[in-house]
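Asker: Structure supplied as query07.txt; contents: compact mmCIF, C-alpha atoms.
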# COMPACT_ATOMS: atom_id res chain seq x y z
CA MET P 1 -5.44 -11.98 -60.36
CA ARG P 2 -5.79 -14.71 -57.73
CA ALA P 3 -8.44 -14.88 -55.03
CA ARG P 4 -6.08 -16.97 -52.88
CA TYR P 5 -2.43 -17.92 -53.15
CA PRO P 6 -1.28 -21.50 -52.48
CA ASP P 7 -0.01 -22.64 -49.09
CA ALA P 8 2.35 -25.08 -50.81
CA GLU P 9 3.37 -26.01 -54.32
CA GLY P 10 5.55 -28.56 -55.99
CA PHE P 11 6.16 -30.94 -58.88
CA ILE P 12 5.89 -34.65 -59.49
CA GLU P 13 7.95 -36.30 -62.20
CA ARG P 14 6.90 -39.29 -64.28
CA ASP P 15 9.04 -40.64 -67.11
CA GLY P 16 11.07 -37.45 -67.10
CA ILE P 17 8.01 -35.16 -67.38
CA LYS P 18 7.36 -32.69 -64.56
CA VAL P 19 3.77 -31.82 -63.58
CA GLY P 20 3.09 -28.87 -61.31
CA TYR P 21 0.55 -28.75 -58.50
CA GLU P 22 -0.58 -26.36 -55.75
CA VAL P 23 -2.10 -26.98 -52.32
CA PHE P 24 -4.54 -24.66 -50.53
CA GLY P 25 -5.90 -24.95 -46.99
CA GLN P 26 -5.32 -27.57 -44.29
CA GLY P 27 -8.62 -29.39 -43.93
CA GLU P 28 -8.69 -33.04 -42.84
CA LEU P 29 -10.52 -33.99 -46.05
CA ALA P 30 -9.09 -33.21 -49.48
CA VAL P 31 -10.63 -31.99 -52.72
CA VAL P 32 -8.55 -32.63 -55.84
CA PHE P 33 -9.13 -30.72 -59.07
CA PRO P 34 -7.60 -32.87 -61.84
CA PRO P 35 -6.73 -31.53 -65.29
CA ILE P 36 -9.82 -30.99 -67.45
CA ASP P 37 -8.22 -29.90 -70.72
CA GLY P 38 -4.75 -29.55 -72.18
CA ILE P 39 -5.30 -25.87 -73.02
CA VAL P 40 -6.55 -24.81 -69.55
CA HIS P 41 -4.26 -24.64 -66.54
CA SER P 42 -5.23 -24.95 -62.88
CA ARG P 43 -6.16 -21.26 -62.51
CA CYS P 44 -9.52 -22.19 -64.04
CA TRP P 45 -10.50 -23.30 -60.51
CA LYS P 46 -9.63 -19.97 -58.88
CA ALA P 47 -13.27 -19.14 -58.10
CA GLN P 48 -13.87 -22.44 -56.28
CA VAL P 49 -10.56 -22.68 -54.40
CA PRO P 50 -11.01 -19.90 -51.76
CA TYR P 51 -14.41 -21.20 -50.65
CA LEU P 52 -13.45 -24.87 -50.48
CA ALA P 53 -10.08 -24.16 -48.83
CA ARG P 54 -11.92 -22.88 -45.74
CA SER P 55 -12.93 -26.44 -44.90
CA PHE P 56 -10.80 -28.74 -47.07
CA THR P 57 -7.30 -29.24 -48.36
CA VAL P 58 -7.60 -28.31 -52.02
CA VAL P 59 -5.14 -29.60 -54.61
CA THR P 60 -5.02 -28.21 -58.15
CA ILE P 61 -2.97 -29.67 -61.01
CA ASP P 62 -1.57 -28.04 -64.14
CA PRO P 63 -2.09 -30.40 -67.08
CA ARG P 64 0.83 -31.45 -69.23
CA GLY P 65 1.42 -28.75 -71.80
CA ASN P 66 0.11 -25.91 -69.66
CA GLY P 67 0.84 -23.82 -66.59
CA ARG P 68 4.07 -24.79 -64.84
CA SER P 69 4.05 -28.35 -66.22
CA ASP P 70 6.37 -29.62 -68.93
CA ARG P 71 5.35 -29.66 -72.58
CA PRO P 72 6.30 -33.05 -74.03
CA GLN P 73 6.48 -33.37 -77.81
CA SER P 74 4.94 -36.84 -78.11
CA ALA P 75 1.17 -37.03 -78.66
CA ALA P 76 1.08 -40.22 -76.59
CA ALA P 77 2.23 -38.21 -73.55
CA TYR P 78 -1.15 -36.43 -73.53
CA ALA P 79 -3.30 -39.56 -73.36
CA ASP P 80 -6.07 -39.64 -70.76
CA THR P 81 -4.27 -42.49 -69.00
CA GLU P 82 -1.26 -40.23 -68.47
CA TRP P 83 -3.44 -37.52 -66.93
CA ILE P 84 -4.96 -40.08 -64.59
CA ALA P 85 -1.53 -41.34 -63.58
CA ASP P 86 -0.35 -37.73 -63.03
CA THR P 87 -3.33 -37.07 -60.76
CA ILE P 88 -2.62 -40.16 -58.66
CA ALA P 89 1.06 -39.22 -58.40
CA VAL P 90 0.16 -35.69 -57.29
CA MET P 91 -2.22 -37.05 -54.64
CA ASP P 92 0.57 -39.29 -53.32
CA ALA P 93 2.99 -36.36 -53.26
CA ALA P 94 0.50 -34.09 -51.47
CA ILE P 95 -0.17 -36.75 -48.82
CA ARG P 96 3.55 -37.34 -48.31
CA ALA P 97 4.20 -33.61 -47.94
CA ASP P 98 1.38 -33.35 -45.40
CA LEU P 99 2.93 -36.21 -43.42
CA GLY P 100 6.29 -34.48 -43.38
CA TYR P 101 8.04 -36.69 -45.95
CA ARG P 102 10.65 -35.05 -48.12
CA ALA P 103 10.72 -35.63 -51.86
CA ASP P 104 14.35 -36.81 -51.70
CA GLU P 105 13.83 -39.62 -49.16
CA LYS P 106 12.55 -43.19 -49.23
CA VAL P 107 10.30 -43.86 -46.24
CA CYS P 108 9.96 -47.30 -44.67
CA VAL P 109 7.22 -47.75 -42.05
CA VAL P 110 7.61 -50.62 -39.58
CA THR P 111 4.71 -51.67 -37.38
CA VAL P 112 3.83 -54.84 -35.48
CA GLY P 113 0.37 -54.10 -34.09
CA GLY P 114 -0.84 -53.54 -30.55
CA SER P 115 0.67 -56.48 -28.69
CA GLY P 116 4.17 -57.00 -27.31
CA VAL P 117 4.80 -60.09 -29.41
CA GLY P 118 6.49 -58.06 -32.15
CA THR P 119 9.47 -56.96 -30.03
CA ASP P 120 11.86 -59.47 -31.58
CA LEU P 121 10.91 -58.44 -35.11
CA LEU P 122 11.44 -54.76 -34.28
CA ARG P 123 14.89 -55.62 -32.95
CA ARG P 124 15.69 -57.54 -36.13
CA VAL P 125 14.60 -54.60 -38.30
CA THR P 126 16.58 -52.17 -36.13
CA ALA P 127 19.69 -54.32 -36.54
CA ALA P 128 19.15 -54.41 -40.31
CA PHE P 129 18.71 -50.64 -40.61
CA PRO P 130 22.41 -49.61 -40.82
CA VAL P 131 23.02 -52.14 -43.60
CA ALA P 132 19.85 -51.07 -45.44
CA LYS P 133 20.88 -47.42 -45.07
CA ARG P 134 24.17 -48.15 -46.82
CA LEU P 135 22.29 -49.85 -49.65
CA VAL P 136 19.65 -47.08 -49.84
CA PRO P 137 21.31 -43.83 -48.62
CA GLU P 138 18.04 -41.86 -48.81
CA LEU P 139 16.29 -44.33 -46.47
CA ARG P 140 14.24 -42.98 -43.58
CA MET P 141 12.58 -45.44 -41.20
CA ILE P 142 9.52 -44.74 -39.03
CA MET P 143 9.07 -47.53 -36.48
CA VAL P 144 5.83 -47.81 -34.48
CA ALA P 145 6.32 -49.80 -31.28
CA GLY P 146 2.69 -49.74 -30.19
CA PRO P 147 1.21 -49.49 -26.70
CA ARG P 148 2.95 -52.53 -25.17
CA ILE P 149 6.53 -52.06 -26.34
CA ASP P 150 8.65 -49.31 -24.76
CA PRO P 151 10.22 -47.26 -27.58
CA ASP P 152 13.22 -46.55 -25.34
CA SER P 153 13.94 -50.28 -25.16
CA LEU P 154 14.87 -50.33 -28.86
CA PRO P 155 18.27 -49.22 -30.24
CA SER P 156 18.43 -45.92 -32.14
CA HIS P 157 20.27 -44.86 -35.29
CA ASP P 158 20.43 -41.68 -37.36
CA GLY P 159 17.52 -41.79 -39.79
CA LEU P 160 15.52 -44.19 -37.61
CA GLU P 161 12.57 -42.82 -35.61
CA VAL P 162 10.90 -44.98 -32.97
CA HIS P 163 7.43 -43.93 -31.80
CA GLY P 164 5.00 -45.47 -29.36
CA TYR P 165 2.07 -44.05 -31.32
CA VAL P 166 1.61 -42.44 -34.75
CA HIS P 167 -1.65 -40.64 -35.47
CA ASP P 168 -3.43 -41.77 -38.64
CA LEU P 169 -1.01 -44.63 -39.16
CA TYR P 170 -3.12 -45.82 -42.09
CA ARG P 171 -2.14 -42.67 -44.01
CA HIS P 172 1.55 -43.40 -43.47
CA LEU P 173 1.02 -46.96 -44.68
CA ALA P 174 -0.78 -45.63 -47.76
CA ALA P 175 2.01 -43.18 -48.62
CA CYS P 176 5.21 -44.99 -47.64
CA ASP P 177 7.76 -46.40 -50.07
CA LEU P 178 7.97 -49.68 -48.12
CA ALA P 179 6.41 -51.26 -45.06
CA VAL P 180 7.72 -54.07 -42.86
CA VAL P 181 4.93 -55.68 -40.85
CA GLN P 182 3.77 -58.89 -39.26
CA GLY P 183 1.35 -61.13 -41.14
CA GLY P 184 -1.90 -59.65 -39.89
CA LEU P 185 -4.73 -59.55 -42.43
CA THR P 186 -5.94 -55.97 -41.83
CA THR P 187 -2.56 -54.27 -42.20
CA THR P 188 -1.42 -56.36 -45.17
CA MET P 189 -4.70 -55.84 -47.00
CA GLU P 190 -4.50 -52.07 -46.39
CA LEU P 191 -1.07 -52.13 -48.02
CA THR P 192 -2.40 -54.26 -50.86
CA ALA P 193 -5.31 -51.89 -51.50
CA SER P 194 -2.89 -48.94 -51.48
CA GLN P 195 -0.52 -50.70 -53.91
CA ARG P 196 2.44 -50.31 -51.54
CA PRO P 197 5.53 -52.56 -51.53
CA PHE P 198 5.75 -54.48 -48.26
CA ILE P 199 7.53 -57.29 -46.45
CA TYR P 200 5.54 -59.36 -43.98
CA VAL P 201 6.83 -61.80 -41.38
CA PRO P 202 4.13 -64.18 -40.07
CA LEU P 203 4.25 -65.26 -36.45
CA ARG P 204 5.57 -68.80 -36.21
CA HIS P 205 2.81 -71.40 -35.62
CA HIS P 206 0.12 -68.74 -36.15
CA PHE P 207 -2.36 -70.61 -38.39
CA GLU P 208 -4.15 -67.57 -39.86
CA GLN P 209 -0.99 -65.62 -40.68
CA ASN P 210 0.88 -68.60 -42.13
CA PHE P 211 -1.93 -70.11 -44.17
CA HIS P 212 -5.03 -67.96 -44.66
CA VAL P 213 -3.34 -64.54 -44.94
CA ARG P 214 -0.43 -65.89 -46.96
CA HIS P 215 -2.79 -67.61 -49.40
CA ARG P 216 -4.97 -64.52 -49.76
CA LEU P 217 -2.03 -62.22 -50.43
CA ALA P 218 -0.73 -64.65 -53.01
CA GLN P 219 -4.09 -64.36 -54.80
CA TYR P 220 -3.47 -60.61 -55.14
CA GLY P 221 0.22 -61.03 -55.98
CA ALA P 222 0.93 -58.80 -53.00
CA GLY P 223 3.82 -58.48 -50.59
CA ARG P 224 6.99 -60.45 -49.97
CA CYS P 225 6.84 -63.06 -47.23
CA LEU P 226 9.87 -63.79 -45.06
CA ASP P 227 9.99 -66.37 -42.31
CA TYR P 228 11.50 -65.13 -39.07
CA GLU P 229 14.60 -67.25 -39.75
CA GLN P 230 15.13 -65.15 -42.91
CA THR P 231 15.39 -61.85 -41.02
CA ALA P 232 19.09 -61.86 -40.19
CA PRO P 233 20.28 -58.24 -40.56
CA ASP P 234 22.09 -58.61 -43.90
CA VAL P 235 19.33 -60.75 -45.45
CA LEU P 236 16.54 -58.45 -44.28
CA ALA P 237 18.46 -55.34 -45.37
CA ARG P 238 18.91 -56.71 -48.90
CA ALA P 239 15.22 -57.59 -49.07
CA MET P 240 14.30 -54.06 -47.97
CA ALA P 241 16.60 -52.50 -50.57
CA GLU P 242 15.10 -54.68 -53.31
CA GLU P 243 11.47 -54.06 -52.37
CA ILE P 244 11.68 -50.31 -51.75
CA CYS P 245 12.54 -49.69 -55.42
CA ARG P 246 10.23 -52.30 -56.94
CA PRO P 247 7.12 -51.12 -58.85
CA VAL P 248 4.04 -53.10 -57.84
CA SER P 249 0.82 -53.95 -59.63
CA TYR P 250 -1.34 -56.01 -57.32
CA ARG P 251 -4.73 -57.34 -58.28
CA PRO P 252 -7.29 -54.64 -57.28
CA VAL P 253 -9.00 -55.23 -53.95
CA GLU P 254 -12.75 -55.69 -54.26
CA THR P 255 -14.92 -52.80 -53.06
CA ASP P 256 -18.38 -54.38 -53.35
CA GLY P 257 -18.42 -56.13 -49.97
CA ALA P 258 -21.27 -54.03 -48.53
CA ALA P 259 -23.46 -54.59 -51.60
CA ARG P 260 -22.79 -58.34 -51.53
CA ALA P 261 -23.61 -58.53 -47.82
CA ALA P 262 -26.83 -56.56 -48.34
CA ALA P 263 -27.85 -58.91 -51.15
CA CYS P 264 -27.35 -61.92 -48.88
CA LEU P 265 -29.37 -60.31 -46.10
CA ALA P 266 -32.13 -59.34 -48.52
CA ASP P 267 -32.77 -63.02 -49.26
CA LEU P 268 -33.46 -63.60 -45.55
CA ILE P 269 -35.96 -60.78 -45.14
Write the structure described by the file as structure tokens, please.

Answerer:
Amino acid sequence: MRARYPDAEGFIERDGIKVGYEVFGQGELAVVFPPIDGIVHSRCWKAQVPYLARSFTVVTIDPRGNGRSDRPQSAAAYADTEWIADTIAVMDAAIRADLGYRADEKVCVVTVGGSGVGTDLLRRVTAAFPVAKRLVPELRMIMVAGPRIDPDSLPSHDGLEVHGYVHDLYRHLAACDLAVVQGGLTTTMELTASQRPFIYVPLRHHFEQNFHVRHRLAQYGAGRCLDYEQTAPDVLARAMAEEICRPVSYRPVETDGAARAAACLADLI
């Protein structure tokens, strides 16, 4: 007997092993119940789900070997590290589903910030899209023009969406399969922290983007830098096709900035 049935359900697949998950509610914040034991499936949370789903999006996961998930024969497949990786993959899948991404598509997000200086780059990416689509048939592109570039001024193609504004753009950047951006520090570091593949094109003669940001991203092993001269349609399309399928493992972004700042201030008090 269930106290509440799921609003959505699905599977993720890692190394040929399918793991089932269910989603309840539509709250802005999410609560994820990861697997707790290989002999207990996600129904163990059925008493907590109805209450929490009133205010949150609740995600439950069937562990490998139980519920709707596959039952691999190898003992190594049940390691704690595999459960952790399954949980992260389910969270990605749940976010993508909430954003309207289909499981059978590769999503590329293109954004150039709030100024009009990125118009030329958007045109270059638009010109590269048909070639990239032939290389990656499942490609879907979401292009964000921003407040100072008229979306109607950019060419359109099937599979290419051009928006003037996208709500919660940071969530799209965190869930996409590839991003193409300028060399701004905030956006590129968000992509680095989210472990997303991305191509960045620094503004010519922009000191911060060409030196500081480029050096910092190199320290994390993050992103692929292209100069504007390297964004001819066929060259850019090949780079997109290569990066959208490439697994990444950037150096983790530090999360102790607030504590370090407080320690510095404490010495002055």

Asker: Set the distance at 8 Å and use only C-alpha atoms: which residues neighbour P:Tyr250 once local chain neighbours fewer than 5 positions away are removed? I'd like the list as an mmCIF file with C-alpha atoms, in the coordinates of the input.

Answerer:
data_model
loop_
_atom_site.group_PDB
_atom_site.id
_atom_site.type_symbol
_atom_site.label_atom_id
_atom_site.label_comp_id
_atom_site.auth_asym_id
_atom_site.auth_seq_id
_atom_site.Cartn_x
_atom_site.Cartn_y
_atom_site.Cartn_z
ATOM 1 C CA THR P 192 -2.400 -54.260 -50.860
ATOM 2 C CA GLN P 195 -0.520 -50.700 -53.910
ATOM 3 C CA TYR P 220 -3.470 -60.610 -55.140
ATOM 4 C CA GLY P 221 0.220 -61.030 -55.980
ATOM 5 C CA ALA P 222 0.930 -58.800 -53.000
#

Asker: Record the distance separating atom CA of P:Ala79 and atom CA of P:Thr57, expressed in Å with one decimal.

Answerer: 27.3 Å

Asker: List every protein, DNA or RNA residue with an atom no more than 10 Å from (1.4, -52.9, -31.5) in the file's coordinates, counting only C-alpha atoms, and format the result as a list in words.

Answerer: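 Those residues, ordered by chain and then number, are Thr111, Val112, Gly113, Gly114, Ser115, Gly116, Val117, Gly118, Thr119, Val144, Ala145, Gly146, Pro147, Arg148, Ile149, Gly164 and Tyr165 of chain P.
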
Asker: Using C-alpha atoms, can you export the residues from the last selection as an mmCIF file, in the coordinates of the input?

Answerer:
data_model
loop_
_atom_site.group_PDB
_atom_site.id
_atom_site.type_symbol
_atom_site.label_atom_id
_atom_site.label_comp_id
_atom_site.auth_asym_id
_atom_site.auth_seq_id
_atom_site.Cartn_x
_atom_site.Cartn_y
_atom_site.Cartn_z
ATOM 1 C CA THR P 111 4.710 -51.670 -37.380
ATOM 2 C CA VAL P 112 3.830 -54.840 -35.480
ATOM 3 C CA GLY P 113 0.370 -54.100 -34.090
ATOM 4 C CA GLY P 114 -0.840 -53.540 -30.550
ATOM 5 C CA SER P 115 0.670 -56.480 -28.690
ATOM 6 C CA GLY P 116 4.170 -57.000 -27.310
ATOM 7 C CA VAL P 117 4.800 -60.090 -29.410
ATOM 8 C CA GLY P 118 6.490 -58.060 -32.150
ATOM 9 C CA THR P 119 9.470 -56.960 -30.030
ATOM 10 C CA VAL P 144 5.830 -47.810 -34.480
ATOM 11 C CA ALA P 145 6.320 -49.800 -31.280
ATOM 12 C CA GLY P 146 2.690 -49.740 -30.190
ATOM 13 C CA PRO P 147 1.210 -49.490 -26.700
ATOM 14 C CA ARG P 148 2.950 -52.530 -25.170
ATOM 15 C CA ILE P 149 6.530 -52.060 -26.340
ATOM 16 C CA GLY P 164 5.000 -45.470 -29.360
ATOM 17 C CA TYR P 165 2.070 -44.050 -31.320
#

Asker: At a cut-off of 12 Å, using all atoms listed in the file, what residues contact P:Cys44? Leave out same-chain residues fewer than 2 positions from it and give the result as a list of chain:residue names.

Answerer: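 Using all atoms listed in the file, the neighbours found are P:Met1, P:Arg2, P:Ala3, P:Phe33, P:Pro34, P:Pro35, P:Ile36, P:Asp37, P:Gly38, P:Ile39, P:Val40, P:His41, P:Ser42, P:Lys46, P:Ala47, P:Gln48, P:Val49, P:Thr60, P:Ile61, P:Asp62, P:Pro63, P:Asn66, P:Gly67.
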
Asker: With all atoms listed in the file as the basis for distance, which of P:Ala232, P:Leu185, P:Leu191, P:Ala8 is at the shortest distance from P:Phe129?

Answerer: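 Under the stated criterion, the closest residue is P:Ala232.
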
Asker: From the set P:Ile142, P:Cys225, P:Ala263, P:Met91, which residue has the shortest atom-to-atom contact distance to P:Glu243, counting all atoms listed in the file?

Answerer: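 Between P:Ile142, P:Cys225, P:Ala263, P:Met91, the residue approaching P:Glu243 most closely is P:Cys225.
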
Asker: Which one is closest to P:Arg124: P:Leu173, P:Val248, P:Val181, P:Ala75? Count all atoms listed in the file.

Answerer: P:Val181

Asker: Counting all atoms listed in the file, figure out which residue out of P:Ile84, P:Ala175, P:Ala193, P:Ala89 gets nearest to P:Lys106.

Answerer: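 Under the stated criterion, the closest residue is P:Ala175.
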
Asker: Report, in Å with one decimal, the straight-line distance from atom CA of P:Val166 to atom CA of P:Val180.

Answerer: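 Atom CA of P:Val180 lies at a distance of 15.4 Å from atom CA of P:Val166.
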
Asker: If we count only C-alpha atoms and set the cut-off at 8 Å, which residues sit around stretch 202-209 of chain P, ignoring sequence neighbours fewer than 3 positions away in its own chain? Please answer as a PyMOL selection string.

Answerer: chain P and resi 182-185+212-214+225-228

Asker: Here is a test: counting only C-alpha atoms, which residue of P:Val235, P:Val131, P:Val19, P:Leu268 is nearest to P:Arg64?

Answerer: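 Ranked by minimum distance to P:Arg64, first place goes to P:Val19.
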
Asker: Pick out the closest residue to P:Asp86 from this set: P:Arg246, P:Arg216, P:Arg14, P:Arg4. Count only C-alpha atoms.

Answerer: P:Arg14

Asker: How many Å separate atom CA of P:Tyr78 from atom CA of P:Phe11?

Answerer: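 Computing the Euclidean distance for atom CA of P:Tyr78 and atom CA of P:Phe11 yields 17.3 Å.
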
Asker: In file coordinates, which residues lie within 10 Å of (15.6, -39.6, -38.3) using only C-alpha atoms, given as a PDB file with C-alpha atoms, keeping the file's coordinate frame?

Answerer:
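So point_29.pdb came out as:
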ATOM      1  CA  LEU P 139      16.290 -44.330 -46.470  1.00  0.00           C
ATOM      2  CA  ARG P 140      14.240 -42.980 -43.580  1.00  0.00           C
ATOM      3  CA  MET P 141      12.580 -45.440 -41.200  1.00  0.00           C
ATOM      4  CA  ILE P 142       9.520 -44.740 -39.030  1.00  0.00           C
ATOM      5  CA  SER P 156      18.430 -45.920 -32.140  1.00  0.00           C
ATOM      6  CA  HIS P 157      20.270 -44.860 -35.290  1.00  0.00           C
ATOM      7  CA  ASP P 158      20.430 -41.680 -37.360  1.00  0.00           C
ATOM      8  CA  GLY P 159      17.520 -41.790 -39.790  1.00  0.00           C
ATOM      9  CA  LEU P 160      15.520 -44.190 -37.610  1.00  0.00           C
ATOM     10  CA  GLU P 161      12.570 -42.820 -35.610  1.00  0.00           C
ATOM     11  CA  VAL P 162      10.900 -44.980 -32.970  1.00  0.00           C
TER      12      VAL P 162
END

Asker: For P:Val31, find every residue with an atom within 8 Å (counting all atoms listed in the file), except residues of its own chain fewer than 4 positions away, and show them as a list in words.

Answerer: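 So, after excluding close chain neighbours, the residues are Leu52, Phe56, Thr57, Val58 and Val59 of chain P.
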
Asker: How would stretch 105-118 of chain P read, as a PDB file, in the frame of the given file, once N, CA and C atoms are built in?

Answerer:
ATOM      1  N   GLU P 105      13.614 -38.502 -50.079  1.00  0.00           N
ATOM      2  CA  GLU P 105      13.830 -39.620 -49.160  1.00  0.00           C
ATOM      3  C   GLU P 105      12.895 -40.780 -49.467  1.00  0.00           C
ATOM      4  N   LYS P 106      13.352 -41.987 -49.129  1.00  0.00           N
ATOM      5  CA  LYS P 106      12.550 -43.190 -49.230  1.00  0.00           C
ATOM      6  C   LYS P 106      12.132 -43.589 -47.818  1.00  0.00           C
ATOM      7  N   VAL P 107      10.821 -43.653 -47.590  1.00  0.00           N
ATOM      8  CA  VAL P 107      10.300 -43.860 -46.240  1.00  0.00           C
ATOM      9  C   VAL P 107       9.847 -45.309 -46.063  1.00  0.00           C
ATOM     10  N   CYS P 108      10.372 -45.947 -45.040  1.00  0.00           N
ATOM     11  CA  CYS P 108       9.960 -47.300 -44.670  1.00  0.00           C
ATOM     12  C   CYS P 108       9.241 -47.225 -43.328  1.00  0.00           C
ATOM     13  N   VAL P 109       8.007 -47.714 -43.283  1.00  0.00           N
ATOM     14  CA  VAL P 109       7.220 -47.750 -42.050  1.00  0.00           C
ATOM     15  C   VAL P 109       7.243 -49.175 -41.508  1.00  0.00           C
ATOM     16  N   VAL P 110       7.555 -49.307 -40.229  1.00  0.00           N
ATOM     17  CA  VAL P 110       7.610 -50.620 -39.580  1.00  0.00           C
ATOM     18  C   VAL P 110       6.611 -50.625 -38.436  1.00  0.00           C
ATOM     19  N   THR P 111       5.704 -51.589 -38.439  1.00  0.00           N
ATOM     20  CA  THR P 111       4.710 -51.670 -37.380  1.00  0.00           C
ATOM     21  C   THR P 111       4.356 -53.127 -37.122  1.00  0.00           C
ATOM     22  N   VAL P 112       4.102 -53.453 -35.845  1.00  0.00           N
ATOM     23  CA  VAL P 112       3.830 -54.840 -35.480  1.00  0.00           C
ATOM     24  C   VAL P 112       2.526 -54.987 -34.692  1.00  0.00           C
ATOM     25  N   GLY P 113       1.666 -53.977 -34.752  1.00  0.00           N
ATOM     26  CA  GLY P 113       0.370 -54.100 -34.090  1.00  0.00           C
ATOM     27  C   GLY P 113       0.406 -53.684 -32.634  1.00  0.00           C
ATOM     28  N   GLY P 114      -0.664 -54.049 -31.906  1.00  0.00           N
ATOM     29  CA  GLY P 114      -0.840 -53.540 -30.550  1.00  0.00           C
ATOM     30  C   GLY P 114      -0.316 -54.411 -29.439  1.00  0.00           C
ATOM     31  N   SER P 115       0.182 -55.605 -29.739  1.00  0.00           N
ATOM     32  CA  SER P 115       0.670 -56.480 -28.690  1.00  0.00           C
ATOM     33  C   SER P 115       2.176 -56.351 -28.533  1.00  0.00           C
ATOM     34  N   GLY P 116       2.726 -57.031 -27.538  1.00  0.00           N
ATOM     35  CA  GLY P 116       4.170 -57.000 -27.310  1.00  0.00           C
ATOM     36  C   GLY P 116       4.902 -58.111 -28.026  1.00  0.00           C
ATOM     37  N   VAL P 117       4.181 -58.923 -28.783  1.00  0.00           N
ATOM     38  CA  VAL P 117       4.800 -60.090 -29.410  1.00  0.00           C
ATOM     39  C   VAL P 117       5.740 -59.709 -30.553  1.00  0.00           C
ATOM     40  N   GLY P 118       5.662 -58.482 -31.025  1.00  0.00           N
ATOM     41  CA  GLY P 118       6.490 -58.060 -32.150  1.00  0.00           C
ATOM     42  C   GLY P 118       7.845 -57.502 -31.758  1.00  0.00           C
TER      43      GLY P 118
END
